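File shown: protein.cif (mmCIF, C-alpha atoms).
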data_coords
#
loop_
_atom_site.group_PDB
_atom_site.id
_atom_site.type_symbol
_atom_site.label_atom_id
_atom_site.label_comp_id
_atom_site.auth_asym_id
_atom_site.auth_seq_id
_atom_site.Cartn_x
_atom_site.Cartn_y
_atom_site.Cartn_z
ATOM 1 C CA MET A 1 0.000 0.000 0.000
ATOM 2 C CA ASN A 2 1.150 3.550 -0.756
ATOM 3 C CA ILE A 3 0.603 6.101 1.977
ATOM 4 C CA LYS A 4 1.221 9.742 1.172
ATOM 5 C CA ILE A 5 1.212 12.485 3.802
ATOM 6 C CA VAL A 6 0.888 15.944 2.282
ATOM 7 C CA CYS A 7 1.336 18.985 4.506
ATOM 8 C CA VAL A 8 2.310 22.644 4.445
ATOM 9 C CA GLY A 9 5.808 23.798 5.356
ATOM 10 C CA ASN A 10 8.442 22.009 7.378
ATOM 11 C CA VAL A 11 8.747 21.116 11.045
ATOM 12 C CA LYS A 12 11.150 23.438 12.839
ATOM 13 C CA GLU A 13 11.506 21.882 16.283
ATOM 14 C CA GLN A 14 14.144 19.149 16.407
ATOM 15 C CA TYR A 15 12.150 17.094 18.930
ATOM 16 C CA PHE A 16 9.147 16.892 16.613
ATOM 17 C CA ARG A 17 11.418 16.089 13.658
ATOM 18 C CA ASP A 18 12.936 13.234 15.680
ATOM 19 C CA ALA A 19 9.497 11.940 16.704
ATOM 20 C CA LEU A 20 8.357 12.041 13.054
ATOM 21 C CA SER A 21 11.494 10.177 11.893
ATOM 22 C CA GLU A 22 10.775 7.438 14.393
ATOM 23 C CA TYR A 23 7.135 6.976 13.322
ATOM 24 C CA TYR A 24 8.024 7.176 9.613
ATOM 25 C CA LYS A 25 10.651 4.477 10.151
ATOM 26 C CA ARG A 26 8.195 2.214 11.972
ATOM 27 C CA LEU A 27 5.444 2.853 9.402
ATOM 28 C CA GLY A 28 7.878 2.035 6.591
ATOM 29 C CA ARG A 29 7.757 -1.611 7.693
ATOM 30 C CA TYR A 30 4.118 -1.880 6.620
ATOM 31 C CA VAL A 31 3.596 0.596 3.763
ATOM 32 C CA ASN A 32 5.384 2.501 1.051
ATOM 33 C CA LEU A 33 5.441 5.936 2.710
ATOM 34 C CA LYS A 34 5.940 9.284 1.007
ATOM 35 C CA VAL A 35 5.856 12.606 2.872
ATOM 36 C CA VAL A 36 5.481 15.812 0.836
ATOM 37 C CA GLU A 37 5.818 19.276 2.351
ATOM 38 C CA VAL A 38 4.380 21.897 0.002
ATOM 39 C CA LYS A 39 5.645 25.479 0.251
ATOM 40 C CA GLU A 40 4.161 27.609 3.029
ATOM 41 C CA GLU A 41 2.950 31.093 2.079
ATOM 42 C CA SER A 42 4.292 33.941 4.177
ATOM 43 C CA VAL A 43 1.597 35.698 6.187
ATOM 44 C CA PRO A 44 1.708 39.311 7.487
ATOM 45 C CA LYS A 45 1.801 39.678 11.303
ATOM 46 C CA LYS A 46 -1.821 40.818 11.546
ATOM 47 C CA PRO A 47 -3.387 39.439 8.374
ATOM 48 C CA THR A 48 -6.740 40.644 7.045
ATOM 49 C CA ASP A 49 -9.459 38.128 6.172
ATOM 50 C CA GLY A 50 -8.651 38.702 2.515
ATOM 51 C CA GLU A 51 -4.964 37.954 3.060
ATOM 52 C CA ILE A 52 -5.795 34.773 4.970
ATOM 53 C CA LEU A 53 -8.153 33.634 2.206
ATOM 54 C CA LYS A 54 -5.454 34.214 -0.401
ATOM 55 C CA VAL A 55 -2.910 32.201 1.640
ATOM 56 C CA THR A 56 -5.271 29.260 2.172
ATOM 57 C CA GLU A 57 -6.292 29.239 -1.503
ATOM 58 C CA THR A 58 -2.675 29.218 -2.710
ATOM 59 C CA GLU A 59 -1.639 26.524 -0.245
ATOM 60 C CA THR A 60 -4.748 24.457 -1.059
ATOM 61 C CA LEU A 61 -3.889 24.405 -4.775
ATOM 62 C CA ARG A 62 -0.409 23.127 -3.889
ATOM 63 C CA LEU A 63 -1.881 20.451 -1.605
ATOM 64 C CA ILE A 64 -4.404 19.320 -4.236
ATOM 65 C CA SER A 65 -1.672 18.992 -6.870
ATOM 66 C CA GLU A 66 -0.032 16.356 -4.624
ATOM 67 C CA CYS A 67 -3.199 14.360 -3.896
ATOM 68 C CA GLU A 68 -3.387 10.813 -5.228
ATOM 69 C CA GLY A 69 -5.945 8.039 -4.807
ATOM 70 C CA TYR A 70 -8.208 8.149 -1.775
ATOM 71 C CA VAL A 71 -7.812 11.510 -0.018
ATOM 72 C CA ILE A 72 -8.364 11.964 3.726
ATOM 73 C CA LEU A 73 -8.366 15.591 4.827
ATOM 74 C CA LEU A 74 -7.662 16.220 8.517
ATOM 75 C CA SER A 75 -9.875 19.028 9.792
ATOM 76 C CA PRO A 76 -11.622 19.932 13.047
ATOM 77 C CA LYS A 77 -14.870 19.883 11.017
ATOM 78 C CA GLY A 78 -14.442 16.206 10.108
ATOM 79 C CA LYS A 79 -15.884 12.909 11.251
ATOM 80 C CA LYS A 80 -14.402 11.302 14.368
ATOM 81 C CA PHE A 81 -12.896 7.811 14.349
ATOM 82 C CA SER A 82 -11.490 5.522 17.006
ATOM 83 C CA SER A 83 -8.113 3.870 16.281
ATOM 84 C CA PRO A 84 -9.714 0.479 15.376
ATOM 85 C CA GLU A 85 -12.217 2.297 13.122
ATOM 86 C CA LEU A 86 -9.366 4.098 11.355
ATOM 87 C CA ALA A 87 -7.584 0.769 10.834
ATOM 88 C CA LYS A 88 -10.783 -0.727 9.385
ATOM 89 C CA LEU A 89 -11.199 2.225 7.010
ATOM 90 C CA LEU A 90 -7.604 1.963 5.735
ATOM 91 C CA LYS A 91 -7.921 -1.801 5.262
ATOM 92 C CA LYS A 92 -11.185 -1.428 3.327
ATOM 93 C CA THR A 93 -9.788 1.391 1.154
ATOM 94 C CA GLU A 94 -6.933 -0.869 -0.009
ATOM 95 C CA ASP A 95 -9.509 -2.869 -2.015
ATOM 96 C CA SER A 96 -10.230 0.054 -4.365
ATOM 97 C CA PHE A 97 -7.178 2.344 -4.176
ATOM 98 C CA SER A 98 -3.425 1.801 -4.369
ATOM 99 C CA THR A 99 -2.669 5.113 -2.620
ATOM 100 C CA ILE A 100 -4.192 6.852 0.398
ATOM 101 C CA THR A 101 -3.265 10.526 0.799
ATOM 102 C CA PHE A 102 -3.558 12.256 4.158
ATOM 103 C CA VAL A 103 -3.724 16.050 3.918
ATOM 104 C CA VAL A 104 -2.829 18.414 6.761
ATOM 105 C CA GLY A 105 -3.498 22.106 6.059
ATOM 106 C CA GLY A 106 -1.349 25.036 7.153
ATOM 107 C CA SER A 107 -1.786 27.389 10.117
ATOM 108 C CA TYR A 108 -4.911 28.973 8.635
ATOM 109 C CA GLY A 109 -6.475 25.787 7.326
ATOM 110 C CA VAL A 110 -7.547 25.044 3.779
ATOM 111 C CA SER A 111 -10.027 26.540 1.335
ATOM 112 C CA GLN A 112 -13.321 25.029 0.163
ATOM 113 C CA LYS A 113 -11.670 23.357 -2.860
ATOM 114 C CA MET A 114 -9.763 21.023 -0.523
ATOM 115 C CA PHE A 115 -12.996 19.821 1.106
ATOM 116 C CA GLU A 116 -14.402 19.166 -2.386
ATOM 117 C CA ARG A 117 -11.334 17.155 -3.454
ATOM 118 C CA ALA A 118 -11.197 15.041 -0.281
ATOM 119 C CA ASN A 119 -12.970 11.682 -0.239
ATOM 120 C CA LEU A 120 -13.277 11.965 3.533
ATOM 121 C CA THR A 121 -12.781 14.705 6.111
ATOM 122 C CA MET A 122 -11.588 13.392 9.461
ATOM 123 C CA SER A 123 -11.288 15.074 12.870
ATOM 124 C CA PHE A 124 -8.873 13.884 15.553
ATOM 125 C CA SER A 125 -10.120 16.187 18.310
ATOM 126 C CA ASP A 126 -12.257 19.203 19.200
ATOM 127 C CA LEU A 127 -9.023 20.740 20.522
ATOM 128 C CA THR A 128 -6.711 22.842 18.374
ATOM 129 C CA PHE A 129 -3.156 21.472 18.154
ATOM 130 C CA PRO A 130 -0.129 23.141 16.593
ATOM 131 C CA HIS A 131 0.592 21.953 13.078
ATOM 132 C CA GLN A 132 3.941 20.339 14.039
ATOM 133 C CA LEU A 133 2.542 18.365 16.969
ATOM 134 C CA PHE A 134 -0.454 17.372 14.878
ATOM 135 C CA ARG A 135 1.830 15.805 12.287
ATOM 136 C CA VAL A 136 3.357 13.626 15.016
ATOM 137 C CA MET A 137 -0.139 12.625 16.192
ATOM 138 C CA LEU A 138 -1.136 11.725 12.610
ATOM 139 C CA SER A 139 1.957 9.649 11.844
ATOM 140 C CA GLU A 140 1.549 7.810 15.160
ATOM 141 C CA GLN A 141 -2.102 7.023 14.349
ATOM 142 C CA ILE A 142 -1.315 5.716 10.852
ATOM 143 C CA TYR A 143 1.443 3.557 12.358
ATOM 144 C CA ARG A 144 -0.989 2.348 15.051
ATOM 145 C CA ALA A 145 -3.605 1.540 12.383
ATOM 146 C CA TYR A 146 -1.115 -0.670 10.519
ATOM 147 C CA THR A 147 -0.131 -2.508 13.694
ATOM 148 C CA ILE A 148 -3.858 -3.245 14.149
ATOM 149 C CA ILE A 149 -4.263 -4.286 10.466
ATOM 150 C CA ASN A 150 -1.193 -6.556 10.705
ATOM 151 C CA ASN A 151 -2.155 -7.858 14.135
ATOM 152 C CA VAL A 152 1.192 -6.802 15.583
ATOM 153 C CA THR A 153 1.723 -5.792 19.223
ATOM 154 C CA TYR A 154 2.072 -2.011 19.375
ATOM 155 C CA HIS A 155 5.683 -1.040 20.027
ATOM 156 C CA LYS A 156 5.511 1.523 22.863
ATOM 157 C CA MET B 157 -2.576 29.399 40.025
ATOM 158 C CA ASN B 158 -1.073 26.005 40.853
ATOM 159 C CA ILE B 159 -1.203 23.408 38.100
ATOM 160 C CA LYS B 160 -0.228 19.867 38.945
ATOM 161 C CA ILE B 161 0.185 17.146 36.332
ATOM 162 C CA VAL B 162 0.195 13.663 37.851
ATOM 163 C CA CYS B 163 1.072 10.699 35.653
ATOM 164 C CA VAL B 164 2.461 7.166 35.788
ATOM 165 C CA GLY B 165 6.100 6.418 35.046
ATOM 166 C CA ASN B 166 8.602 8.482 33.142
ATOM 167 C CA VAL B 167 8.969 9.405 29.496
ATOM 168 C CA LYS B 168 11.696 7.369 27.814
ATOM 169 C CA GLU B 169 12.044 8.977 24.382
ATOM 170 C CA GLN B 170 14.373 11.959 24.374
ATOM 171 C CA TYR B 171 12.277 13.796 21.754
ATOM 172 C CA PHE B 172 9.161 13.654 23.930
ATOM 173 C CA ARG B 173 11.199 14.710 26.985
ATOM 174 C CA ASP B 174 12.479 17.711 25.026
ATOM 175 C CA ALA B 175 8.966 18.621 23.844
ATOM 176 C CA LEU B 176 7.676 18.386 27.432
ATOM 177 C CA SER B 177 10.526 20.581 28.739
ATOM 178 C CA GLU B 178 9.633 23.233 26.191
ATOM 179 C CA TYR B 179 5.920 23.296 27.094
ATOM 180 C CA TYR B 180 6.647 23.177 30.843
ATOM 181 C CA LYS B 181 8.981 26.165 30.422
ATOM 182 C CA ARG B 182 6.370 28.144 28.477
ATOM 183 C CA LEU B 183 3.590 27.197 30.915
ATOM 184 C CA GLY B 184 5.794 28.274 33.830
ATOM 185 C CA ARG B 185 5.307 31.893 32.716
ATOM 186 C CA TYR B 186 1.617 31.737 33.623
ATOM 187 C CA VAL B 187 1.259 29.216 36.439
ATOM 188 C CA ASN B 188 3.098 27.517 39.246
ATOM 189 C CA LEU B 189 3.618 24.120 37.605
ATOM 190 C CA LYS B 190 4.393 20.841 39.341
ATOM 191 C CA VAL B 191 4.786 17.533 37.484
ATOM 192 C CA VAL B 192 4.667 14.308 39.507
ATOM 193 C CA GLU B 193 5.468 10.893 38.031
ATOM 194 C CA VAL B 194 4.218 8.136 40.310
ATOM 195 C CA LYS B 195 5.879 4.727 40.142
ATOM 196 C CA GLU B 196 4.779 2.445 37.303
ATOM 197 C CA GLU B 197 3.916 -1.156 38.207
ATOM 198 C CA SER B 198 5.667 -3.839 36.181
ATOM 199 C CA VAL B 199 3.276 -5.875 34.046
ATOM 200 C CA PRO B 200 3.861 -9.448 32.748
ATOM 201 C CA LYS B 201 4.179 -9.797 28.949
ATOM 202 C CA LYS B 202 0.717 -11.323 28.546
ATOM 203 C CA PRO B 203 -1.142 -10.131 31.640
ATOM 204 C CA THR B 204 -4.402 -11.705 32.806
ATOM 205 C CA ASP B 205 -7.444 -9.510 33.536
ATOM 206 C CA GLY B 206 -6.753 -10.013 37.247
ATOM 207 C CA GLU B 207 -3.141 -8.859 36.882
ATOM 208 C CA ILE B 208 -4.216 -5.767 34.910
ATOM 209 C CA LEU B 209 -6.818 -4.918 37.551
ATOM 210 C CA LYS B 210 -4.193 -5.200 40.297
ATOM 211 C CA VAL B 211 -1.799 -2.910 38.380
ATOM 212 C CA THR B 212 -4.434 -0.246 37.721
ATOM 213 C CA GLU B 213 -5.635 -0.350 41.332
ATOM 214 C CA THR B 214 -2.111 0.075 42.722
ATOM 215 C CA GLU B 215 -1.258 2.877 40.296
ATOM 216 C CA THR B 216 -4.609 4.570 40.954
ATOM 217 C CA LEU B 217 -3.941 4.719 44.710
ATOM 218 C CA ARG B 218 -0.586 6.376 43.985
ATOM 219 C CA LEU B 219 -2.240 8.875 41.613
ATOM 220 C CA ILE B 220 -4.993 9.714 44.123
ATOM 221 C CA SER B 221 -2.445 10.349 46.894
ATOM 222 C CA GLU B 222 -1.000 13.147 44.713
ATOM 223 C CA CYS B 223 -4.343 14.779 43.833
ATOM 224 C CA GLU B 224 -4.973 18.288 45.129
ATOM 225 C CA GLY B 225 -7.809 20.756 44.570
ATOM 226 C CA TYR B 226 -9.895 20.393 41.443
ATOM 227 C CA VAL B 227 -9.060 17.101 39.724
ATOM 228 C CA ILE B 228 -9.377 16.593 35.962
ATOM 229 C CA LEU B 229 -8.920 12.990 34.865
ATOM 230 C CA LEU B 230 -7.980 12.448 31.232
ATOM 231 C CA SER B 231 -9.800 9.415 29.853
ATOM 232 C CA PRO B 232 -11.289 8.324 26.519
ATOM 233 C CA LYS B 233 -14.597 8.006 28.398
ATOM 234 C CA GLY B 234 -14.629 11.691 29.318
ATOM 235 C CA LYS B 235 -16.377 14.823 28.095
ATOM 236 C CA LYS B 236 -14.934 16.597 25.053
ATOM 237 C CA PHE B 237 -13.827 20.223 25.128
ATOM 238 C CA SER B 238 -12.562 22.673 22.529
ATOM 239 C CA SER B 239 -9.432 24.689 23.407
ATOM 240 C CA PRO B 240 -11.429 27.871 24.221
ATOM 241 C CA GLU B 241 -13.837 25.792 26.359
ATOM 242 C CA LEU B 242 -10.877 24.312 28.264
ATOM 243 C CA ALA B 243 -9.501 27.827 28.845
ATOM 244 C CA LYS B 244 -12.910 28.956 30.147
ATOM 245 C CA LEU B 245 -13.114 25.965 32.497
ATOM 246 C CA LEU B 246 -9.634 26.615 33.958
ATOM 247 C CA LYS B 247 -10.379 30.334 34.405
ATOM 248 C CA LYS B 248 -13.674 29.593 36.183
ATOM 249 C CA THR B 249 -12.086 26.946 38.422
ATOM 250 C CA GLU B 250 -9.544 29.498 39.706
ATOM 251 C CA ASP B 251 -12.418 31.210 41.582
ATOM 252 C CA SER B 252 -12.913 28.224 43.897
ATOM 253 C CA PHE B 253 -9.633 26.279 43.869
ATOM 254 C CA SER B 254 -5.966 27.227 44.244
ATOM 255 C CA THR B 255 -4.783 24.016 42.535
ATOM 256 C CA ILE B 256 -5.953 22.136 39.464
ATOM 257 C CA THR B 257 -4.610 18.586 39.120
ATOM 258 C CA PHE B 258 -4.547 16.830 35.745
ATOM 259 C CA VAL B 259 -4.307 13.047 36.002
ATOM 260 C CA VAL B 260 -3.014 10.796 33.216
ATOM 261 C CA GLY B 261 -3.287 7.072 33.907
ATOM 262 C CA GLY B 262 -0.784 4.408 32.911
ATOM 263 C CA SER B 263 -0.809 2.002 29.947
ATOM 264 C CA TYR B 264 -3.812 0.087 31.270
ATOM 265 C CA GLY B 265 -5.785 3.077 32.497
ATOM 266 C CA VAL B 266 -7.090 3.690 35.998
ATOM 267 C CA SER B 267 -9.507 1.926 38.318
ATOM 268 C CA GLN B 268 -13.005 3.045 39.329
ATOM 269 C CA LYS B 269 -11.698 4.896 42.429
ATOM 270 C CA MET B 270 -9.958 7.428 40.167
ATOM 271 C CA PHE B 271 -13.218 8.265 38.387
ATOM 272 C CA GLU B 272 -14.852 8.765 41.793
ATOM 273 C CA ARG B 273 -12.095 11.097 43.010
ATOM 274 C CA ALA B 274 -12.037 13.213 39.836
ATOM 275 C CA ASN B 275 -14.162 16.356 39.689
ATOM 276 C CA LEU B 276 -14.257 16.045 35.914
ATOM 277 C CA THR B 277 -13.343 13.365 33.367
ATOM 278 C CA MET B 278 -12.149 14.829 30.074
ATOM 279 C CA SER B 279 -11.497 13.191 26.696
ATOM 280 C CA PHE B 280 -9.107 14.642 24.115
ATOM 281 C CA SER B 281 -9.969 12.229 21.321
ATOM 282 C CA ASP B 282 -11.711 8.991 20.346
ATOM 283 C CA LEU B 283 -8.277 7.829 19.176
ATOM 284 C CA THR B 284 -5.845 5.992 21.442
ATOM 285 C CA PHE B 285 -2.477 7.734 21.821
ATOM 286 C CA PRO B 286 0.637 6.412 23.540
ATOM 287 C CA HIS B 287 1.055 7.670 27.066
ATOM 288 C CA GLN B 288 4.243 9.651 26.263
ATOM 289 C CA LEU B 289 2.774 11.465 23.270
ATOM 290 C CA PHE B 290 -0.400 12.121 25.211
ATOM 291 C CA ARG B 291 1.578 13.919 27.912
ATOM 292 C CA VAL B 292 2.982 16.261 25.251
ATOM 293 C CA MET B 293 -0.551 16.874 23.904
ATOM 294 C CA LEU B 294 -1.817 17.646 27.426
ATOM 295 C CA SER B 295 0.992 20.059 28.326
ATOM 296 C CA GLU B 296 0.528 21.840 24.992
ATOM 297 C CA GLN B 297 -3.197 22.220 25.622
ATOM 298 C CA ILE B 298 -2.734 23.595 29.155
ATOM 299 C CA TYR B 299 -0.160 26.049 27.781
ATOM 300 C CA ARG B 300 -2.567 26.986 24.974
ATOM 301 C CA ALA B 301 -5.391 27.498 27.497
ATOM 302 C CA TYR B 302 -3.250 29.971 29.478
ATOM 303 C CA THR B 303 -2.333 31.918 26.344
ATOM 304 C CA ILE B 304 -6.097 32.228 25.716
ATOM 305 C CA ILE B 305 -6.777 33.215 29.367
ATOM 306 C CA ASN B 306 -3.982 35.818 29.258
ATOM 307 C CA ASN B 307 -4.917 36.997 25.782
ATOM 308 C CA VAL B 308 -1.410 36.319 24.504
ATOM 309 C CA THR B 309 -0.613 35.382 20.902
ATOM 310 C CA TYR B 310 0.155 31.666 20.773
ATOM 311 C CA HIS B 311 3.879 31.097 20.297
ATOM 312 C CA LYS B 312 4.111 28.527 17.492
#

The structure given in the file should be rewritten as structure tokens.
Amino acid sequence: MNIKIVCVGNVKEQYFRDALSEYYKRLGRYVNLKVVEVKEESVPKKPTDGEILKVTETETLRLISECEGYVILLSPKGKKFSSPELAKLLKKTEDSFSTITFVVGGSYGVSQKMFERANLTMSFSDLTFPHQLFRVMLSEQIYRAYTIINNVTYHK
Amino acid sequence: MNIKIVCVGNVKEQYFRDALSEYYKRLGRYVNLKVVEVKEESVPKKPTDGEILKVTETETLRLISECEGYVILLSPKGKKFSSPELAKLLKKTEDSFSTITFVVGGSYGVSQKMFERANLTMSFSDLTFPHQLFRVMLSEQIYRAYTIINNVTYHK
């Protein structure tokens, strides 16, 4: 299975980069993983609504251009899953698609076009997490899903 | 305000330790923070239900002995909050309590006594996260709540 994680900008903190490396390495045992970081738009210090809209639209076009196969958009507005439910969804999707793309928007989210392109919009939490930490949470959950699919004891 | 985070065992991965240090440092600007790690019970490789119950009961007694003031237990069974709702809850609780204790159980959760002691049981997600990563998520959310309470721009 091909898993693609598409997100905006890079992760600055070394500790989150190290955590991501670890989960990518573990996940690589089960899937063919590709992580794409599209360019982040620069935002003025106190952006207007118009400026924010322009940023999200530009970043969304970049994200969409990287989407392949079945697309899962991560958004607070999405549907909630438990870890076993996520595993079940990924397993089922393998029957019809060779690639699953997970999309994580930038600091100001994504524009409407991204919701239209996504096959599914998924929410991890009602809480707002920073983009960098969220990427760690996502990679850990995909790894966890594949340990469930492969009936392997989760490596803590 | 005194914030106490009580959890089971220590965090092994250096990257999660570094992330925690960073959030503890930031949070220390707004509150008097105390983090207590109670001793983790050793668990056999394939524990029986009885062995798991014994572990959770022992760890729960240790957690309870560290609880002060208003106690928020983190559990998948809890009530969900958004980040602004969490901020509002913490602000309101300051009127009646000088300490808020957040409790994170061990790998096998906590026993019934912990639910009885807690003033509130809160859930971050329907997903299961590893204990170490969850502690980072919790410290980030408490920090975020205090930036909201103090009307400070979130430091990304």

*Go ahead and compute the interatomic distance for atom CA of B:Leu189 and atom CA of B:Thr257, in Å to one decimal.*
10.0 Å

*Applied to this file, what does the PyMOL selection byres ((chain B and resi 191-195) around 8) return in terms of residues, put as a ChimeraX atom specification?*
/B:160-166,189-190,196-197,215,218-219,222

Per residue of chain A within 7 Å of chain B, note the shortest atom pair and the distance in Å to one decimal, counting all atoms listed in the file, and order the rows by chain and increasing residue number, as a tab-separated table.
residue	atom	partner	partner_atom	distance
A:Tyr15	CA	B:Tyr171	CA	4.3
A:Phe16	CA	B:Tyr171	CA	6.8
A:Asp18	CA	B:Tyr171	CA	6.1
A:Ala19	CA	B:Tyr171	CA	6.1
A:Lys80	CA	B:Asp282	CA	7.0
A:Phe81	CA	B:Asp282	CA	6.2
A:Ser82	CA	B:Leu283	CA	4.5
A:Ser83	CA	B:Leu283	CA	4.9
A:Phe124	CA	B:Ser281	CA	6.1
A:Ser125	CA	B:Ser281	CA	5.0
A:Asp126	CA	B:Ser238	CA	4.8
A:Leu127	CA	B:Ser238	CA	4.5
A:Thr128	CA	B:Ser239	CA	6.0
A:Pro130	CA	B:Lys312	CA	6.9
A:Lys156	CA	B:Pro286	CA	6.9

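This file, queried with the PyMOL selection byres ((chain B and resi 180-187) around 7), gives the residues Met157, Asn158, Ile159, Leu176, Ser177, Glu178, Tyr179, Asn188, Leu189, Ser295, Tyr299 and Tyr302 of chain B.
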
*Which residue of A:Val43, A:Val11, A:Met122, A:Leu89 approaches A:Tyr108 most closely, using only C-alpha atoms*: A:Val43

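Note on the selection: in this file the PyMOL selection byres ((chain B and resi 210) around 12) comes out as Glu197, Ser198, Val199, Pro200, Pro203, Thr204, Asp205, Gly206, Glu207, Ile208, Leu209, Val211, Thr212, Glu213, Thr214, Glu215, Thr216, Leu217, Tyr264, Gly265, Val266 and Ser267 of chain B.
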
*asked:* I need the residue nearest A:Ile64 from this list: A:Ala118, A:Ile100, A:Leu138, A:Ala87. Use only C-alpha atoms for the distance.
replied: A:Ala118

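A straight line drawn from atom CA of A:Arg117 to atom CA of A:Thr93 is 16.5 Å long.
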
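The closest residue to B:Ser221, picked from B:Ile304, B:Ile298, B:Met270, B:Val260 and counting only C-alpha atoms, is B:Met270.
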
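For the pair atom CA of B:Asn275 and atom CA of B:Val227, the separation is 5.2 Å.
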
Write out as JSON an axis-aligned box for stretch 173-190 of chain B: all of its atoms listed in the file, 5 Å added on each side, centre and edge lengths in Å with one decimal.
{"center_x": 6.9, "center_y": 23.3, "center_z": 31.6, "size_x": 21.2, "size_y": 27.2, "size_z": 25.5}

Would you mind completing stretch 285-300 of chain B to N, CA and C atoms and writing the output as an mmCIF file, in the coordinates of the input?
data_model
loop_
_atom_site.group_PDB
_atom_site.id
_atom_site.type_symbol
_atom_site.label_atom_id
_atom_site.label_comp_id
_atom_site.auth_asym_id
_atom_site.auth_seq_id
_atom_site.Cartn_x
_atom_site.Cartn_y
_atom_site.Cartn_z
ATOM 1 N N PHE B 285 -3.853 7.260 22.021
ATOM 2 C CA PHE B 285 -2.477 7.734 21.821
ATOM 3 C C PHE B 285 -1.556 7.099 22.850
ATOM 4 N N PRO B 286 -0.273 6.944 22.520
ATOM 5 C CA PRO B 286 0.637 6.412 23.540
ATOM 6 C C PRO B 286 0.776 7.432 24.670
ATOM 7 N N HIS B 287 0.963 6.895 25.844
ATOM 8 C CA HIS B 287 1.055 7.670 27.066
ATOM 9 C C HIS B 287 2.032 8.856 26.956
ATOM 10 N N GLN B 288 3.217 8.604 26.373
ATOM 11 C CA GLN B 288 4.243 9.651 26.263
ATOM 12 C C GLN B 288 3.798 10.799 25.362
ATOM 13 N N LEU B 289 3.255 10.437 24.192
ATOM 14 C CA LEU B 289 2.774 11.465 23.270
ATOM 15 C C LEU B 289 1.607 12.210 23.885
ATOM 16 N N PHE B 290 0.755 11.480 24.594
ATOM 17 C CA PHE B 290 -0.400 12.121 25.211
ATOM 18 C C PHE B 290 0.030 13.191 26.214
ATOM 19 N N ARG B 291 1.099 12.925 26.934
ATOM 20 C CA ARG B 291 1.578 13.919 27.912
ATOM 21 C C ARG B 291 2.023 15.196 27.212
ATOM 22 N N VAL B 292 2.606 15.071 26.029
ATOM 23 C CA VAL B 292 2.982 16.261 25.251
ATOM 24 C C VAL B 292 1.708 17.010 24.826
ATOM 25 N N MET B 293 0.711 16.261 24.334
ATOM 26 C CA MET B 293 -0.551 16.874 23.904
ATOM 27 C C MET B 293 -1.214 17.625 25.064
ATOM 28 N N LEU B 294 -1.198 17.009 26.254
ATOM 29 C CA LEU B 294 -1.817 17.646 27.426
ATOM 30 C C LEU B 294 -1.079 18.923 27.818
ATOM 31 N N SER B 295 0.243 18.862 27.892
ATOM 32 C CA SER B 295 0.992 20.059 28.326
ATOM 33 C C SER B 295 0.819 21.186 27.310
ATOM 34 N N GLU B 296 0.754 20.822 26.023
ATOM 35 C CA GLU B 296 0.528 21.840 24.992
ATOM 36 C C GLU B 296 -0.846 22.488 25.165
ATOM 37 N N GLN B 297 -1.842 21.680 25.470
ATOM 38 C CA GLN B 297 -3.197 22.220 25.622
ATOM 39 C C GLN B 297 -3.338 23.111 26.859
ATOM 40 N N ILE B 298 -2.662 22.747 27.946
ATOM 41 C CA ILE B 298 -2.734 23.595 29.155
ATOM 42 C C ILE B 298 -2.027 24.920 28.852
ATOM 43 N N TYR B 299 -0.862 24.827 28.196
ATOM 44 C CA TYR B 299 -0.160 26.049 27.781
ATOM 45 C C TYR B 299 -1.054 26.906 26.882
ATOM 46 N N ARG B 300 -1.684 26.262 25.890
ATOM 47 C CA ARG B 300 -2.567 26.986 24.974
ATOM 48 C C ARG B 300 -3.706 27.666 25.737
#
